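So this one's start09.cif, mmCIF, C-alpha atoms:
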```cif
data_start
#
loop_
_atom_site.group_PDB
_atom_site.id
_atom_site.type_symbol
_atom_site.label_atom_id
_atom_site.label_comp_id
_atom_site.auth_asym_id
_atom_site.auth_seq_id
_atom_site.Cartn_x
_atom_site.Cartn_y
_atom_site.Cartn_z
ATOM 1 C CA ILE G 261 -22.320 236.607 89.637
ATOM 2 C CA GLN G 262 -23.479 240.174 89.115
ATOM 3 C CA ALA G 263 -22.360 241.190 92.592
ATOM 4 C CA PHE G 264 -22.162 244.972 92.272
ATOM 5 C CA ILE G 265 -25.762 245.323 93.419
ATOM 6 C CA HIS G 266 -24.504 244.374 96.885
ATOM 7 C CA ILE G 267 -22.445 247.580 97.072
ATOM 8 C CA GLY G 268 -24.870 249.920 95.341
ATOM 9 C CA LEU G 269 -23.473 249.736 91.819
ATOM 10 C CA ILE G 270 -24.720 248.433 88.500
ATOM 11 C CA PRO G 271 -23.291 245.578 86.406
ATOM 12 C CA ASP G 272 -20.306 246.609 84.308
ATOM 13 C CA CYS G 273 -18.038 245.235 81.571
ATOM 14 C CA GLY G 274 -21.036 244.792 79.275
ATOM 15 C CA GLY G 275 -23.079 242.777 81.763
ATOM 16 C CA THR G 276 -26.272 244.666 80.944
ATOM 17 C CA PHE G 277 -25.637 244.069 77.247
ATOM 18 C CA MET G 278 -24.488 240.458 77.118
ATOM 19 C CA LEU G 279 -26.479 238.825 79.904
ATOM 20 C CA PRO G 280 -29.954 239.490 78.431
ATOM 21 C CA ARG G 281 -28.759 238.118 75.099
ATOM 22 C CA LEU G 282 -27.490 234.956 76.772
ATOM 23 C CA VAL G 283 -30.218 234.175 79.280
ATOM 24 C CA GLY G 284 -33.205 236.349 78.350
ATOM 25 C CA LEU G 285 -34.498 239.607 79.758
ATOM 26 C CA ALA G 286 -36.340 238.265 82.827
ATOM 27 C CA ARG G 287 -33.513 236.038 84.043
ATOM 28 C CA ALA G 288 -30.879 238.725 83.383
ATOM 29 C CA MET G 289 -32.939 241.251 85.304
ATOM 30 C CA ALA G 290 -33.244 238.893 88.269
ATOM 31 C CA LEU G 291 -29.548 237.988 88.289
ATOM 32 C CA CYS G 292 -28.493 241.626 88.129
ATOM 33 C CA MET G 293 -30.953 242.798 90.777
ATOM 34 C CA THR G 294 -30.391 239.962 93.245
ATOM 35 C CA GLY G 295 -26.674 239.325 92.784
ATOM 36 C CA GLU G 296 -27.313 235.576 93.076
ATOM 37 C CA LYS G 297 -24.437 233.204 92.355
ATOM 38 C CA VAL G 298 -24.802 230.832 89.403
ATOM 39 C CA SER G 299 -23.158 227.396 89.428
ATOM 40 C CA ALA G 300 -21.496 225.991 86.335
ATOM 41 C CA GLN G 301 -24.392 223.582 85.767
ATOM 42 C CA GLU G 302 -26.934 226.409 86.150
ATOM 43 C CA ALA G 303 -24.902 228.474 83.675
ATOM 44 C CA VAL G 304 -25.170 225.626 81.150
ATOM 45 C CA GLN G 305 -28.923 225.316 81.717
ATOM 46 C CA MET G 306 -29.376 229.082 81.296
ATOM 47 C CA GLY G 307 -27.348 229.241 78.111
ATOM 48 C CA MET G 308 -24.585 231.369 79.605
ATOM 49 C CA ILE G 309 -21.948 228.804 78.676
ATOM 50 C CA TYR G 310 -21.762 225.903 76.235
ATOM 51 C CA LYS G 311 -20.527 223.215 78.593
ATOM 52 C CA ALA G 312 -19.233 222.725 82.131
ATOM 53 C CA ILE G 313 -16.244 220.416 82.344
ATOM 54 C CA PRO G 314 -14.907 218.933 85.602
ATOM 55 C CA ASP G 315 -11.400 220.085 86.542
ATOM 56 C CA GLU G 316 -9.917 216.598 86.336
ATOM 57 C CA VAL G 317 -10.772 216.205 82.629
ATOM 58 C CA PHE G 318 -10.691 219.852 81.578
ATOM 59 C CA GLU G 319 -7.338 219.761 79.793
ATOM 60 C CA THR G 320 -8.069 216.514 77.934
ATOM 61 C CA GLN G 321 -11.544 217.563 76.849
ATOM 62 C CA SER G 322 -10.416 221.064 75.879
ATOM 63 C CA LYS G 323 -7.667 219.657 73.662
ATOM 64 C CA ALA G 324 -10.106 217.186 72.088
ATOM 65 C CA PHE G 325 -12.572 220.004 71.387
ATOM 66 C CA ALA G 326 -9.834 222.165 69.854
ATOM 67 C CA GLN G 327 -8.694 219.234 67.696
ATOM 68 C CA ALA G 328 -12.248 218.592 66.513
ATOM 69 C CA LEU G 329 -12.582 222.244 65.472
ATOM 70 C CA ALA G 330 -9.175 222.163 63.772
ATOM 71 C CA GLU G 331 -10.430 219.325 61.568
ATOM 72 C CA LYS G 332 -13.391 221.404 60.356
ATOM 73 C CA PRO G 333 -13.310 223.765 57.364
ATOM 74 C CA THR G 334 -11.789 226.779 59.083
ATOM 75 C CA THR G 335 -13.072 229.366 56.612
ATOM 76 C CA ALA G 336 -16.625 228.150 57.215
ATOM 77 C CA LEU G 337 -16.014 228.360 60.981
ATOM 78 C CA VAL G 338 -14.827 231.963 60.648
ATOM 79 C CA TYR G 339 -17.818 232.877 58.487
ATOM 80 C CA THR G 340 -20.207 231.196 60.921
ATOM 81 C CA LYS G 341 -18.758 233.105 63.860
ATOM 82 C CA GLU G 342 -18.953 236.404 61.980
ATOM 83 C CA LEU G 343 -22.562 235.782 60.947
ATOM 84 C CA ILE G 344 -23.710 234.809 64.420
ATOM 85 C CA ASN G 345 -22.051 237.899 65.892
ATOM 86 C CA LYS G 346 -23.630 240.139 63.221
ATOM 87 C CA SER G 347 -27.065 238.617 63.837
ATOM 88 C CA LEU G 348 -27.370 240.598 67.069
ATOM 89 C CA ASP G 349 -27.416 243.857 65.120
ATOM 90 C CA LEU G 350 -29.416 242.898 62.018
ATOM 91 C CA ASP G 351 -33.034 242.171 61.241
ATOM 92 C CA LEU G 352 -33.983 238.885 59.551
ATOM 93 C CA GLU G 353 -33.899 240.259 56.004
ATOM 94 C CA GLN G 354 -30.448 241.785 56.519
ATOM 95 C CA GLN G 355 -29.201 238.570 58.101
ATOM 96 C CA LEU G 356 -30.486 236.476 55.195
ATOM 97 C CA MET G 357 -28.645 238.765 52.770
ATOM 98 C CA GLN G 358 -25.443 238.318 54.786
ATOM 99 C CA GLU G 359 -25.933 234.542 54.797
ATOM 100 C CA MET G 360 -26.341 234.584 51.014
ATOM 101 C CA ARG G 361 -23.072 236.499 50.577
ATOM 102 C CA TYR G 362 -21.165 234.260 52.946
ATOM 103 C CA GLN G 363 -22.668 231.093 51.443
ATOM 104 C CA VAL G 364 -21.456 232.129 47.995
ATOM 105 C CA ALA G 365 -17.997 232.802 49.425
ATOM 106 C CA SER G 366 -18.041 229.438 51.241
ATOM 107 C CA GLY G 367 -19.078 227.664 48.061
ATOM 108 C CA ASN G 368 -15.984 229.003 46.340
ATOM 109 C CA THR G 369 -13.533 227.394 48.766
ATOM 110 C CA GLN G 370 -11.452 224.275 48.247
ATOM 111 C CA ASP G 371 -12.856 222.981 51.532
ATOM 112 C CA TYR G 372 -16.380 223.047 50.086
ATOM 113 C CA LYS G 373 -15.265 221.028 47.074
ATOM 114 C CA GLU G 374 -13.499 218.564 49.396
ATOM 115 C CA GLY G 375 -16.552 218.324 51.652
ATOM 116 C CA VAL G 376 -18.861 217.476 48.749
ATOM 117 C CA ALA G 377 -16.383 214.981 47.287
ATOM 118 C CA ALA G 378 -15.963 213.287 50.671
ATOM 119 C CA PHE G 379 -19.734 213.090 51.117
ATOM 120 C CA LEU G 380 -20.226 211.531 47.679
ATOM 121 C CA GLU G 381 -17.331 209.118 48.228
ATOM 122 C CA LYS G 382 -18.585 208.262 51.740
ATOM 123 C CA ARG G 383 -15.311 209.177 53.450
ATOM 124 C CA LYS G 384 -14.150 211.679 56.054
ATOM 125 C CA ALA G 385 -13.296 215.058 54.557
ATOM 126 C CA GLN G 386 -9.718 216.316 54.788
ATOM 127 C CA PHE G 387 -10.075 220.096 55.033
ATOM 128 C CA ILE G 388 -7.096 222.375 54.420
ATOM 129 C CA GLY G 389 -8.494 225.789 55.356
ATOM 130 C CA LYS G 390 -8.681 227.156 51.827
#
```
Could you spell out this file's structure in structure tokens?
Amino acid sequence: IQAFIHIGLIPDCGGTFMLPRLVGLARAMALCMTGEKVSAQEAVQMGMIYKAIPDEVFETQSKAFAQALAEKPTTALVYTKELINKSLDLDLEQQLMQEMRYQVASGNTQDYKEGVAAFLEKRKAQFIGK
């Protein structure tokens, strides 16, 4: 909720920066100007959050998600996160140049070699984060 409008203030803590990037300009404008509450399911539909998980299965599903990420090539995850974050400040040409640099770096990892070998051998890759 962007509730500050109810007391005559503006959104803070980066609300005017992040919200339009998450939900689009029109929806962000409406949420900030009306101070309407957003349910977890609405937040998923708007793109504010990835997933809403019921309290009773939150711990189990969170641990399973963390485990699934831990089994991925961690260097590629780090590079992906960095590139997505940078994409907000770059134009397409600059972003493509960044992707090229990071792809070369990714292709020089042991995890890449393991991923290709596992694909060719039709088995699950065993990444080691190097």
- Message: Which residue is closest to Pro271 in chain G? Choose from G:Ala326, G:Met357, G:Leu291, G:Ile309 and count all atoms listed in the file.
- Response: G:Leu291
- Message: At a cut-off of 10 Å, using all atoms listed in the file, what residues contact Leu279 in chain G? Leave out same-chain residues fewer than 5 positions from it and give the result as number ranges by chain.
- Response: G: 262, 271, 274, 284-285, 287-289, 291-292, 307-308
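Distances here use only C-alpha atoms; by that measure, the residue among G:Met306, G:Val338, G:Ala290, G:Met360 closest to Ile265 in chain G is G:Ala290.
For the pair CA of Tyr339 in chain G and CA of Phe387 in chain G, the separation is 15.3 Å.
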- Query: Which residues come within 12 Å of Thr369 in chain G, counting only C-alpha atoms, excluding same-chain residues fewer than 2 positions away, as a list in words?
  - Reply: Pro333, Thr334, Thr335, Ala336, Tyr339, Tyr362, Gln363, Val364, Ala365, Ser366, Gly367, Asp371, Tyr372, Lys373, Glu374, Gly375, Val376, Phe387, Ile388, Gly389 and Lys390 of chain G
Tell me which residues the PyMOL selection byres ((chain G and resi 263) around 12) grabs here, as a tab-separated table (two decimals) with C-alpha atoms, in the coordinates of the input.
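That gives us expr-v7.tsv:
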```tsv
chain	number	residue	atom	x	y	z
G	261	ILE	CA	-22.32	236.61	89.64
G	262	GLN	CA	-23.48	240.17	89.12
G	264	PHE	CA	-22.16	244.97	92.27
G	265	ILE	CA	-25.76	245.32	93.42
G	266	HIS	CA	-24.50	244.37	96.88
G	267	ILE	CA	-22.44	247.58	97.07
G	268	GLY	CA	-24.87	249.92	95.34
G	269	LEU	CA	-23.47	249.74	91.82
G	270	ILE	CA	-24.72	248.43	88.50
G	271	PRO	CA	-23.29	245.58	86.41
G	272	ASP	CA	-20.31	246.61	84.31
G	275	GLY	CA	-23.08	242.78	81.76
G	290	ALA	CA	-33.24	238.89	88.27
G	291	LEU	CA	-29.55	237.99	88.29
G	292	CYS	CA	-28.49	241.63	88.13
G	293	MET	CA	-30.95	242.80	90.78
G	294	THR	CA	-30.39	239.96	93.24
G	295	GLY	CA	-26.67	239.32	92.78
G	296	GLU	CA	-27.31	235.58	93.08
G	297	LYS	CA	-24.44	233.20	92.36
G	298	VAL	CA	-24.80	230.83	89.40
```
- Atom pair CA of Glu302 in chain G / CA of Asp315 in chain G: separation (Å):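 The value is 16.8 Å.
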- Which residue, G:Tyr310, G:Glu331, G:Gln386, G:Leu343, has the smallest gap to Gln355 in chain G when you use all atoms listed in the file? G:Leu343
- What is the CA of Lys384 in chain G-CA of Thr340 in chain G distance in Å, reported with one decimal? 21.0 Å
